[in-house]
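Engineer: Supplied structure: final_22.tsv, TSV, C-alpha atoms.
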chain	number	residue	atom	x	y	z
A	861	PRO	CA	-53.60	206.73	11.99
A	862	VAL	CA	-56.85	204.77	11.87
A	863	CYS	CA	-58.65	208.15	11.50
A	864	ALA	CA	-61.70	208.82	13.67
A	865	VAL	CA	-62.06	207.07	17.03
A	866	ALA	CA	-65.03	206.70	19.38
A	867	ALA	CA	-63.85	206.51	23.00
A	868	PHE	CA	-66.00	205.50	25.97
A	869	THR	CA	-64.83	205.88	29.57
A	870	ALA	CA	-65.99	204.68	33.00
A	871	TRP	CA	-66.78	206.80	36.05
A	872	ASN	CA	-64.25	205.48	38.57
A	873	PHE	CA	-61.24	207.45	37.24
A	874	PRO	CA	-62.96	210.34	35.44
A	875	VAL	CA	-59.74	212.22	34.55
A	876	ASN	CA	-57.21	209.40	34.15
A	877	LEU	CA	-59.28	207.30	31.74
A	878	PRO	CA	-60.09	210.08	29.25
A	879	ALA	CA	-56.45	211.23	29.39
A	880	ARG	CA	-55.25	207.72	28.44
A	881	LYS	CA	-57.49	207.47	25.41
A	882	LEU	CA	-57.11	211.03	24.20
A	883	GLY	CA	-53.35	211.03	24.64
A	884	SER	CA	-52.78	207.87	22.62
A	885	ALA	CA	-55.29	208.65	19.89
A	886	LEU	CA	-54.13	212.23	19.32
A	887	ALA	CA	-50.46	211.22	19.47
A	888	ALA	CA	-51.13	208.68	16.71
A	889	GLY	CA	-52.79	211.36	14.58
A	890	CYS	CA	-56.41	210.31	15.07
A	891	SER	CA	-59.43	212.50	15.70
A	892	VAL	CA	-61.56	211.51	18.70
A	893	ILE	CA	-65.15	211.72	19.85
A	894	ILE	CA	-65.20	210.87	23.55
A	895	LYS	CA	-68.25	209.90	25.57
A	896	PRO	CA	-67.68	209.92	29.36
A	897	ALA	CA	-69.73	208.01	31.90
A	898	GLU	CA	-73.05	209.73	32.58
A	899	GLU	CA	-72.20	209.77	36.32
A	900	THR	CA	-69.03	211.88	35.89
A	901	PRO	CA	-69.13	214.06	32.73
A	902	ALA	CA	-67.73	217.29	34.21
A	903	SER	CA	-64.21	215.96	34.76
A	904	CYS	CA	-63.95	214.88	31.12
A	905	MET	CA	-65.28	218.26	30.02
A	906	LEU	CA	-62.39	219.95	31.79
A	907	VAL	CA	-59.87	217.54	30.25
A	908	VAL	CA	-61.23	218.24	26.76
A	909	ARG	CA	-61.19	221.97	27.47
A	910	ALA	CA	-57.53	221.72	28.53
A	911	PHE	CA	-56.64	220.04	25.21
A	912	LEU	CA	-58.51	222.69	23.23
A	913	ASP	CA	-56.95	225.52	25.24
A	914	ALA	CA	-53.54	223.99	24.51
A	915	GLY	CA	-54.15	224.29	20.78
A	916	VAL	CA	-55.74	221.01	19.68
A	917	THR	CA	-58.09	221.85	16.82
A	918	PRO	CA	-61.82	221.35	17.52
A	919	GLN	CA	-61.97	219.22	14.36
A	920	ALA	CA	-59.74	216.67	16.10
A	921	LEU	CA	-61.48	216.45	19.47
A	922	ASN	CA	-65.13	216.41	20.41
A	923	MET	CA	-67.11	215.25	23.43
A	924	VAL	CA	-70.70	214.04	23.56
A	925	CYS	CA	-72.97	213.16	26.48
A	926	GLY	CA	-76.26	211.30	26.49
A	927	ASP	CA	-77.87	207.89	26.58
A	928	PRO	CA	-75.03	205.31	26.41
A	929	GLU	CA	-76.82	202.92	24.06
A	930	GLN	CA	-77.89	205.64	21.65
A	931	VAL	CA	-74.49	207.34	21.60
A	932	SER	CA	-72.46	204.14	21.19
A	933	THR	CA	-74.74	202.77	18.45
A	934	THR	CA	-74.74	206.06	16.53
A	935	LEU	CA	-70.98	206.46	16.68
A	936	ILE	CA	-69.99	202.86	15.89
A	937	ASP	CA	-72.52	202.73	13.04
A	938	HIS	CA	-71.05	205.85	11.43
A	939	ASP	CA	-68.77	205.25	8.45
A	940	ALA	CA	-66.22	207.81	9.67
A	941	ILE	CA	-65.51	205.93	12.90
A	942	ARG	CA	-62.87	203.25	12.34
A	943	LYS	CA	-62.12	202.25	15.92
A	944	ALA	CA	-63.84	202.13	19.31
A	945	SER	CA	-62.09	202.11	22.67
A	946	LEU	CA	-63.91	201.26	25.89
A	947	THR	CA	-63.09	201.16	29.56
A	948	GLY	CA	-66.06	199.48	31.20
A	949	SER	CA	-67.73	196.27	32.24
A	950	VAL	CA	-67.33	192.87	30.61
A	951	ALA	CA	-70.98	192.90	29.53
A	952	VAL	CA	-70.72	196.28	27.81
A	953	GLY	CA	-67.36	195.29	26.31
A	954	LYS	CA	-68.87	192.19	24.70
A	955	LEU	CA	-71.73	194.28	23.29
A	956	LEU	CA	-69.51	196.98	21.76
A	957	GLY	CA	-67.03	194.34	20.59
A	958	ARG	CA	-69.79	192.55	18.67
A	959	MET	CA	-70.93	195.83	17.14
A	960	CYS	CA	-67.40	196.59	15.96
A	961	ALA	CA	-66.85	193.05	14.67
A	962	GLU	CA	-70.02	193.20	12.57
A	963	ARG	CA	-68.70	196.36	10.93
A	964	VAL	CA	-65.06	195.12	10.77
A	965	LYS	CA	-63.87	198.00	12.94
A	966	ARG	CA	-61.06	197.94	15.45
A	967	PHE	CA	-61.93	197.58	19.11
A	968	THR	CA	-59.93	197.97	22.30
A	969	GLY	CA	-61.67	196.91	25.50
A	970	GLU	CA	-60.26	197.37	29.00
A	971	LEU	CA	-62.87	195.45	30.96
A	972	GLY	CA	-63.41	194.03	34.43
A	973	GLY	CA	-61.18	191.81	36.55
A	974	HIS	CA	-61.10	189.63	39.63
A	975	ALA	CA	-57.48	189.99	40.66
A	976	PRO	CA	-55.77	187.28	42.74
A	977	VAL	CA	-52.98	187.92	45.24
A	978	ILE	CA	-50.62	185.08	46.18
A	979	VAL	CA	-48.75	185.55	49.46
A	980	CYS	CA	-45.98	182.95	49.43
A	981	ALA	CA	-44.47	181.29	52.51
A	982	ASP	CA	-41.23	183.28	52.09
A	983	ALA	CA	-42.99	186.67	51.66
A	984	ASP	CA	-42.47	189.54	54.06
A	985	PRO	CA	-45.89	189.27	55.76
A	986	ALA	CA	-45.90	192.78	57.24
A	987	PHE	CA	-45.02	194.39	53.89
A	988	ALA	CA	-47.57	192.27	52.03
A	989	LEU	CA	-50.23	193.15	54.60
A	990	LYS	CA	-49.64	196.91	54.50
A	991	SER	CA	-49.50	196.98	50.70
A	992	SER	CA	-52.60	194.82	50.34
A	993	LEU	CA	-54.74	196.90	52.67
A	994	ALA	CA	-53.95	200.10	50.80
A	995	ALA	CA	-54.54	198.53	47.38
A	996	LYS	CA	-57.71	196.63	48.26
A	997	PHE	CA	-59.65	199.51	49.78
A	998	ARG	CA	-58.35	202.25	47.48
A	999	ASN	CA	-61.33	203.95	45.88
A	1000	ALA	CA	-63.51	201.63	48.02
A	1001	GLY	CA	-62.45	198.73	45.79
A	1002	GLN	CA	-63.96	200.39	42.73
A	1003	VAL	CA	-60.90	199.70	40.57
A	1004	CYS	CA	-60.79	197.24	37.66
A	1005	ALA	CA	-57.43	195.84	38.78
A	1006	SER	CA	-58.31	195.90	42.49
A	1007	PRO	CA	-57.00	192.88	44.45
A	1008	ILE	CA	-59.90	190.65	45.49
A	1009	ARG	CA	-58.85	187.00	46.04
A	1010	PHE	CA	-56.03	186.66	48.58
A	1011	TYR	CA	-54.37	183.23	48.63
A	1012	VAL	CA	-52.10	183.09	51.67
A	1013	HIS	CA	-49.71	180.23	52.47
A	1014	ARG	CA	-51.04	178.20	55.38
A	1015	SER	CA	-47.94	178.93	57.49
A	1016	LEU	CA	-48.88	182.64	57.43
A	1017	TYR	CA	-52.62	182.39	57.03
A	1018	ALA	CA	-54.12	182.66	60.53
A	1019	PRO	CA	-52.22	185.72	61.79
A	1020	TRP	CA	-52.28	187.37	58.35
A	1021	ALA	CA	-56.06	187.00	58.02
A	1022	GLU	CA	-56.57	188.32	61.55
A	1023	GLN	CA	-54.33	191.36	61.03
A	1024	PHE	CA	-55.74	192.09	57.57
A	1025	SER	CA	-59.28	192.05	58.99
A	1026	ALA	CA	-58.27	194.27	61.90
A	1027	GLY	CA	-56.66	196.73	59.50
A	1028	ALA	CA	-59.74	196.80	57.29
A	1029	GLN	CA	-62.02	197.32	60.28
A	1030	ALA	CA	-59.88	200.23	61.50
A	1031	LEU	CA	-60.17	202.23	58.27
A	1032	ARG	CA	-61.81	205.62	58.68
A	1033	LEU	CA	-64.77	206.03	56.34
A	1034	GLY	CA	-65.92	209.43	55.17
A	1035	PRO	CA	-66.15	211.94	52.31
A	1036	GLY	CA	-63.17	212.44	50.07
A	1037	LEU	CA	-62.78	216.10	51.00
A	1038	ASP	CA	-62.09	215.14	54.62
A	1039	ALA	CA	-58.32	214.76	55.13
A	1040	GLN	CA	-58.92	212.07	57.76
A	1041	THR	CA	-60.86	209.81	55.38
A	1042	GLN	CA	-59.19	206.53	54.43
A	1043	MET	CA	-62.05	205.05	52.39
A	1044	GLY	CA	-64.85	206.87	50.66
A	1045	PRO	CA	-68.34	205.88	49.48
A	1046	LEU	CA	-69.58	203.75	46.63
A	1047	ILE	CA	-70.86	205.42	43.47
A	1048	HIS	CA	-74.57	204.68	43.93
A	1049	SER	CA	-77.12	203.12	46.25
A	1050	ARG	CA	-77.37	200.22	43.79
A	1051	ARG	CA	-73.76	199.32	44.51
A	1052	VAL	CA	-74.48	199.19	48.26
A	1053	ASP	CA	-77.34	196.77	47.60
A	1054	GLU	CA	-75.05	194.69	45.39
A	1055	MET	CA	-72.39	194.44	48.12
A	1056	GLN	CA	-75.01	193.17	50.55
A	1057	ARG	CA	-76.12	190.60	47.99
A	1058	PHE	CA	-72.55	189.33	47.57
A	1059	VAL	CA	-72.04	189.03	51.32
A	1060	ASP	CA	-75.39	187.36	52.07
A	1061	ASP	CA	-74.90	184.85	49.27
A	1062	ALA	CA	-71.38	183.90	50.42
A	1063	LEU	CA	-72.42	183.55	54.06
A	1064	GLY	CA	-75.41	181.45	53.08
A	1065	LEU	CA	-73.06	179.05	51.28
A	1066	GLY	CA	-70.68	178.69	54.24
A	1067	ALA	CA	-68.16	181.54	54.07
A	1068	ARG	CA	-66.91	183.05	57.34
A	1069	LEU	CA	-67.27	186.78	57.95
A	1070	LEU	CA	-64.08	188.19	59.47
A	1071	CYS	CA	-65.17	191.82	59.46
A	1072	GLY	CA	-67.68	194.22	57.93
A	1073	GLY	CA	-70.51	192.85	55.85
A	1074	ARG	CA	-73.04	195.64	56.29
A	1075	ARG	CA	-74.00	199.02	54.90
A	1076	VAL	CA	-73.01	201.95	57.08
A	1077	GLU	CA	-75.85	203.94	58.63
A	1078	ARG	CA	-74.73	207.43	57.69
A	1079	PRO	CA	-75.42	209.83	54.81
A	1080	GLY	CA	-73.91	208.59	51.59
A	1081	TYR	CA	-73.43	205.22	49.91
A	1082	PHE	CA	-71.08	203.58	52.39
A	1083	PHE	CA	-70.42	199.88	52.90
A	1084	GLU	CA	-68.11	198.50	55.56
A	1085	PRO	CA	-64.69	197.19	54.50
A	1086	THR	CA	-65.48	193.49	54.38
A	1087	VAL	CA	-63.30	190.38	54.62
A	1088	LEU	CA	-64.70	186.91	53.89
A	1089	ALA	CA	-62.77	183.71	54.59
A	1090	GLU	CA	-63.07	180.48	52.60
A	1091	ALA	CA	-65.93	181.66	50.38
A	1092	PRO	CA	-67.06	178.64	48.30
A	1093	ALA	CA	-66.08	178.53	44.65
A	1094	ASP	CA	-69.73	178.63	43.59
A	1095	SER	CA	-70.54	181.76	45.60
A	1096	LEU	CA	-71.47	184.85	43.64
A	1097	VAL	CA	-68.50	186.86	44.91
A	1098	GLN	CA	-66.08	184.17	43.72
A	1099	ARG	CA	-67.58	184.16	40.24
A	1100	ARG	CA	-68.29	187.84	39.64
A	1101	GLU	CA	-66.27	190.99	40.17
A	1102	PRO	CA	-67.62	192.69	43.32
A	1103	PHE	CA	-66.19	196.11	42.37
A	1104	GLY	CA	-66.40	197.22	45.97
A	1105	PRO	CA	-64.76	196.91	49.41
A	1106	ILE	CA	-64.91	193.10	49.67
A	1107	ALA	CA	-61.80	190.94	50.09
A	1108	LEU	CA	-61.71	187.13	49.98
A	1109	ILE	CA	-59.06	185.17	51.89
A	1110	GLN	CA	-58.22	181.47	51.84
A	1111	PRO	CA	-55.12	179.38	52.59
A	1112	PHE	CA	-53.02	177.27	50.24
A	1113	ASP	CA	-50.36	174.62	50.81
A	1114	GLU	CA	-48.50	174.27	47.50
A	1115	LEU	CA	-47.68	176.96	44.96
A	1116	ASP	CA	-49.20	174.83	42.18
A	1117	GLU	CA	-52.51	175.00	44.03
A	1118	ALA	CA	-52.34	178.79	44.41
A	1119	ILE	CA	-51.53	179.33	40.73
A	1120	ALA	CA	-54.39	177.04	39.69
A	1121	LEU	CA	-56.81	179.00	41.91
A	1122	ALA	CA	-55.52	182.30	40.54
A	1123	ASN	CA	-56.10	181.10	36.95
A	1124	ALA	CA	-59.49	179.49	37.58
A	1125	LEU	CA	-61.71	182.41	36.51
A	1126	PRO	CA	-62.46	183.77	33.03
A	1127	TYR	CA	-61.11	187.17	34.14
A	1128	ALA	CA	-57.44	188.00	33.76
A	1129	LEU	CA	-56.66	191.69	34.06
A	1130	GLY	CA	-54.36	192.24	37.05
A	1131	ALA	CA	-52.71	189.72	39.38
A	1132	TYR	CA	-50.23	190.11	42.23
A	1133	ALA	CA	-47.87	188.05	44.36
A	1134	PHE	CA	-45.45	188.48	47.23
A	1135	THR	CA	-42.23	186.48	47.51
A	1136	ARG	CA	-38.57	187.03	48.36
A	1137	ASP	CA	-37.37	184.27	46.04
A	1138	LEU	CA	-36.35	185.38	42.54
A	1139	HIS	CA	-37.00	181.95	41.00
A	1140	THR	CA	-40.53	181.96	42.44
A	1141	ALA	CA	-41.08	185.51	41.19
A	1142	HIS	CA	-40.16	184.48	37.63
A	1143	ARG	CA	-42.38	181.41	37.84
A	1144	LEU	CA	-45.35	183.43	39.06
A	1145	GLY	CA	-44.84	186.02	36.35
A	1146	GLU	CA	-44.83	183.32	33.66
A	1147	GLU	CA	-47.58	181.01	34.93
A	1148	ILE	CA	-50.21	183.42	36.23
A	1149	GLU	CA	-52.69	184.16	33.44
A	1150	ALA	CA	-53.18	187.93	33.45
A	1151	GLY	CA	-52.39	190.91	31.32
A	1152	MET	CA	-50.43	192.50	34.18
A	1153	VAL	CA	-48.65	190.78	37.06
A	1154	GLY	CA	-47.15	192.77	39.92
A	1155	ILE	CA	-44.59	191.03	42.14
A	1156	ASN	CA	-44.18	192.64	45.58
A	1157	HIS	CA	-46.18	195.72	44.54
A	1158	PHE	CA	-49.54	196.79	43.10
A	1159	GLY	CA	-48.35	199.56	40.77
A	1160	VAL	CA	-48.96	197.82	37.43
A	1161	SER	CA	-50.58	200.87	35.82
A	1162	GLN	CA	-47.82	203.16	34.53
A	1163	PRO	CA	-47.93	205.46	31.46
A	1164	GLU	CA	-44.97	203.78	29.78
A	1165	LEU	CA	-46.33	200.23	30.24
A	1166	PRO	CA	-49.10	198.46	28.29
A	1167	PHE	CA	-52.32	198.12	30.30
A	1168	GLY	CA	-54.81	195.43	29.30
A	1169	GLY	CA	-56.27	192.05	30.12
A	1170	TRP	CA	-56.50	188.48	28.88
A	1171	LYS	CA	-59.55	186.22	28.56
A	1172	GLU	CA	-62.79	188.14	29.23
A	1173	SER	CA	-60.92	191.05	30.81
A	1174	GLY	CA	-60.21	192.73	27.53
A	1175	VAL	CA	-58.90	193.05	24.00
A	1176	GLY	CA	-55.74	195.00	23.25
A	1177	GLN	CA	-53.79	197.40	25.46
A	1178	GLU	CA	-53.73	201.04	26.42
A	1179	MET	CA	-50.66	203.15	27.19
A	1180	GLY	CA	-47.09	202.30	26.28
A	1181	ALA	CA	-45.96	201.76	22.70
A	1182	GLU	CA	-48.45	198.92	22.37
A	1183	GLY	CA	-51.35	201.21	23.22
A	1184	LEU	CA	-50.20	203.78	20.67
A	1185	LEU	CA	-49.94	201.16	17.92
A	1186	HIS	CA	-53.59	200.19	18.41
A	1187	TYR	CA	-54.49	203.58	16.92
A	1188	THR	CA	-52.48	203.02	13.75
A	1189	GLU	CA	-52.91	201.11	10.49
A	1190	VAL	CA	-50.10	198.93	9.15
A	1191	LYS	CA	-49.31	199.16	5.46
A	1192	THR	CA	-46.78	197.12	3.48
A	1193	ILE	CA	-45.37	198.82	0.36
A	1194	THR	CA	-43.02	197.02	-2.01
A	1195	VAL	CA	-41.42	198.67	-5.03
A	1196	GLY	CA	-39.90	196.70	-7.84
A	1197	VAL	CA	-37.00	197.94	-9.93
A	1198	PRO	CA	-37.92	198.20	-13.66
A	1199	ALA	CA	-35.80	196.03	-15.93
Please lay out the structure from this file as structure tokens.

Structural biologist:
Amino acid sequence: PVCAVAAFTAWNFPVNLPARKLGSALAAGCSVIIKPAEETPASCMLVVRAFLDAGVTPQALNMVCGDPEQVSTTLIDHDAIRKASLTGSVAVGKLLGRMCAERVKRFTGELGGHAPVIVCADADPAFALKSSLAAKFRNAGQVCASPIRFYVHRSLYAPWAEQFSAGAQALRLGPGLDAQTQMGPLIHSRRVDEMQRFVDDALGLGARLLCGGRRVERPGYFFEPTVLAEAPADSLVQRREPFGPIALIQPFDELDEAIALANALPYALGAYAFTRDLHTAHRLGEEIEAGMVGINHFGVSQPELPFGGWKESGVGQEMGAEGLLHYTEVKTITVGVPA
């Protein structure tokens, strides 16, 4: 084991993310100090309490709250900490990665994405539509591997875009404790303002608004499920992860074009495609640049599979055997036989 680990988690999955890091680190024999997001500390407290109640020694597991910059600097600077693991934004990942590199400490970063979805001409359009609606607006789009850029073959594009927009517009918004709710709120009022900024910028540059595009006038931080068509490549929403309920749709003619568009950004966490042709499925899996590619489904995050990104979307993996190995040191020992 690498020994002591500093783990930092995001707010959008406040139980799942701590469980990933704690499970792998403890299984590898490491001790952990975990710092949850300041927006959602109570969930992590309960997870830590469950580990301690189950018999994990307090010397192996601790939790700390507080100012993110102060906590991360203090922990990474400490000689006892040999590895840091972060689930968070690209900007924070670059900062913590530099801090670890300066101290020659291991770093795993599961950072942001801007996931493409390629809907091929031979796809089952109804299945792709139903799956895409559920995945896009899950957690109000506040998911690192959330599908964002939908590239739909021109032969399917017009009806698919119309039906996707109608489905998004029909979603019932409300609090999570209401059984009728299909999409909940954003985390903060700042995120609502950011969604409006993305939409206004794209429309100002020539994108077409198919549905949504406005904050919802009701208590809470709600923004309408939004679909933008043909947003220009230089628009803010095409260059930065929206991390909210905004979907982008545009047509393509040749698969080469769709793959090039999917690979055009510096983010490469999740990517998805729909096709009924096995040869096309293999080609998409090989040529799309992403840490995880889901063909005909969005369930790329599974405990037994490595989860991580390429390019600016991350360093290393979590979960699976690969995630476990990131918490271990490799040693080569050779023994000679005396003459």

Engineer: Select, from A:Leu1063, A:Val907, A:Val950, A:Leu993, the residue with the minimum atom-to-atom distance to Lys1171 of chain A, counting all atoms listed in the file.

Structural biologist: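 Among A:Leu1063, A:Val907, A:Val950, A:Leu993, it is A:Val950 that comes nearest to Lys1171 of chain A.
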
Engineer: List the spatial neighbours of segment 935-939 of chain A as a ChimeraX atom specification - criterion: any atom at most 12 Å away, all atoms listed in the file, same-chain residues fewer than 4 positions off excluded.

Structural biologist: /A:863-868,892-895,923-924,928-931,943-946,955-967

Engineer: Counting all atoms listed in the file, which residues in segment 1090-1135 of chain A sit no more than 10 Å from segment 1021-1027 of chain A? For each one, give the nearest pair of atoms and the distance in Å, sorted by chain then residue number, as CSV.

Structural biologist:
residue,atom,partner,partner_atom,distance
A:Ala1107,CA,A:Ser1025,CA,9.3
A:Leu1108,CA,A:Ala1021,CA,9.8
A:Ile1109,CA,A:Ala1021,CA,7.1
A:Gln1110,CA,A:Ala1021,CA,8.6
A:Pro1111,CA,A:Ala1021,CA,9.4

Engineer: Would you kindly return, as a ChimeraX atom specification, each protein, DNA or RNA residue with an atom no farther than 10 Å from any atom of Ser1015 of chain A, considering all atoms listed in the file and excluding same-chain residues fewer than 3 positions away?

Structural biologist: /A:980-982,1012,1018-1020,1111-1113

Engineer: Write out as a list in words which residues come within 12 Å of segment 1189-1198 of chain A when counting all atoms listed in the file, dropping same-chain ones fewer than 2 positions away.

Structural biologist: Pro861, Val862, Cys863, Ala888, Gly889, Cys890, Arg942, Lys943, Lys965, Arg966, Leu1184, Leu1185, His1186 and Tyr1187 of chain A

Engineer: Rank nothing, just name the residue among A:Val952, A:Ala975, A:Ile1119, A:Met1179 nearest to Pro1163 of chain A, using only C-alpha atoms.

Structural biologist: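 With only C-alpha atoms as the atom set, the closest residue is A:Met1179.
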
Engineer: Would you give me, as a tab-separated table, each residue of segment 901-951 of chain A having an atom within 12 Å of an atom of segment 879-884 of chain A, along with its shortest atom pair and that distance in Å to one decimal, using only C-alpha atoms and sorting by chain and residue number?

Structural biologist:
residue	atom	partner	partner_atom	distance
A:Ser903	CA	A:Ala879	CA	10.6
A:Cys904	CA	A:Ala879	CA	8.5
A:Met905	CA	A:Ala879	CA	11.3
A:Leu906	CA	A:Ala879	CA	10.8
A:Val907	CA	A:Ala879	CA	7.2
A:Val908	CA	A:Leu882	CA	8.7
A:Arg909	CA	A:Ala879	CA	11.9
A:Ala910	CA	A:Ala879	CA	10.6
A:Phe911	CA	A:Leu882	CA	9.1
A:Leu912	CA	A:Leu882	CA	11.8
A:Val916	CA	A:Leu882	CA	11.0
A:Ala920	CA	A:Leu882	CA	10.2
A:Leu921	CA	A:Leu882	CA	8.4
A:Asn922	CA	A:Leu882	CA	10.4
A:Met923	CA	A:Leu882	CA	10.9
A:Lys943	CA	A:Lys881	CA	11.8
A:Ala944	CA	A:Lys881	CA	10.3
A:Ser945	CA	A:Lys881	CA	7.6
A:Leu946	CA	A:Lys881	CA	8.9
A:Thr947	CA	A:Lys881	CA	9.4

Engineer: If we count all atoms listed in the file and set the cut-off at 9 Å, which residues sit around Phe1167 of chain A, ignoring sequence neighbours fewer than 5 positions away in its own chain? Please answer as a PyMOL selection string.

Structural biologist: chain A and resi 970+1129+1151-1152+1160-1162+1176-1180+1182-1183

Engineer: For those residues, write C-alpha atoms to a file as a PDB file, in the frame of the given file.

Structural biologist:
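Ended up saving to out_18.pdb:
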ATOM      1  CA  GLU A 970     -60.260 197.370  29.000  1.00  0.00           C
ATOM      2  CA  LEU A1129     -56.660 191.690  34.060  1.00  0.00           C
ATOM      3  CA  GLY A1151     -52.390 190.910  31.320  1.00  0.00           C
ATOM      4  CA  MET A1152     -50.430 192.500  34.180  1.00  0.00           C
ATOM      5  CA  VAL A1160     -48.960 197.820  37.430  1.00  0.00           C
ATOM      6  CA  SER A1161     -50.580 200.870  35.820  1.00  0.00           C
ATOM      7  CA  GLN A1162     -47.820 203.160  34.530  1.00  0.00           C
ATOM      8  CA  GLY A1176     -55.740 195.000  23.250  1.00  0.00           C
ATOM      9  CA  GLN A1177     -53.790 197.400  25.460  1.00  0.00           C
ATOM     10  CA  GLU A1178     -53.730 201.040  26.420  1.00  0.00           C
ATOM     11  CA  MET A1179     -50.660 203.150  27.190  1.00  0.00           C
ATOM     12  CA  GLY A1180     -47.090 202.300  26.280  1.00  0.00           C
ATOM     13  CA  GLU A1182     -48.450 198.920  22.370  1.00  0.00           C
ATOM     14  CA  GLY A1183     -51.350 201.210  23.220  1.00  0.00           C
TER      15      GLY A1183
END

Engineer: From the list A:Leu886, A:Ala1128, A:Leu877, A:Val1153, which residue is nearest Thr900 of chain A when using all atoms listed in the file?

Structural biologist: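 Closest to Thr900 of chain A of all the choices is A:Leu877.
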
Engineer: What would the list of residues within 8 Å of (-77.2, 193.2, 53.4) (file frame) look like as a list in words, if all atoms listed in the file are what count?

Structural biologist: Asp1053, Met1055, Gln1056, Arg1057, Val1059, Asp1060, Gly1073, Arg1074 and Arg1075 of chain A

Engineer: Tell me which of A:Pro901, A:Pro985, A:Pro976, A:Gly953 sits closest to Ala1118 of chain A, counting all atoms listed in the file.

Structural biologist: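 Looking only at the distances to Ala1118 of chain A, the closest residue turns out to be A:Pro976.
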
Engineer: Report, in Å with one decimal, the straight-line distance from atom CA of Asn872 of chain A to atom CA of Pro1126 of chain A.

Structural biologist: 22.5 Å

Engineer: State, in Å with one decimal place, the distance from atom CA of Tyr1011 of chain A to atom CA of Ile978 of chain A.

Structural biologist: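 Interatomic distance here is 4.8 Å.
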
Engineer: Which of these, A:Gly969, A:Pro878, A:Gly1034, A:Pro1105, has the shortest distance to Glu1077 of chain A once you count only C-alpha atoms?

Structural biologist: A:Gly1034

Engineer: Go through A:Arg1078, A:Pro1045, A:Arg998, A:Pro1102 and flag the residue nearest Phe1058 of chain A, using all atoms listed in the file for the distances.

Structural biologist: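 Of A:Arg1078, A:Pro1045, A:Arg998, A:Pro1102, the one nearest Phe1058 of chain A is A:Pro1102, counting all atoms listed in the file.
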
Engineer: Give me, please, the distance in Å between atom CA of Glu898 of chain A and atom CA of Gly1174 of chain A, quoted to one decimal.

Structural biologist: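 Value for the atom CA of Glu898 of chain A-atom CA of Gly1174 of chain A distance: 21.9 Å.
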
Engineer: Would you be able to write out as a PDB file with C-alpha atoms, keeping the file's coordinate frame which residues have an atom within 7 Å of (-65.8, 204.9, 39.2) in the file's coordinates, counting all atoms listed in the file?

Structural biologist:
ATOM      1  CA  ALA A 870     -65.990 204.680  33.000  1.00  0.00           C
ATOM      2  CA  TRP A 871     -66.780 206.800  36.050  1.00  0.00           C
ATOM      3  CA  ASN A 872     -64.250 205.480  38.570  1.00  0.00           C
ATOM      4  CA  PHE A 873     -61.240 207.450  37.240  1.00  0.00           C
ATOM      5  CA  GLN A1002     -63.960 200.390  42.730  1.00  0.00           C
ATOM      6  CA  ILE A1047     -70.860 205.420  43.470  1.00  0.00           C
TER       7      ILE A1047
END
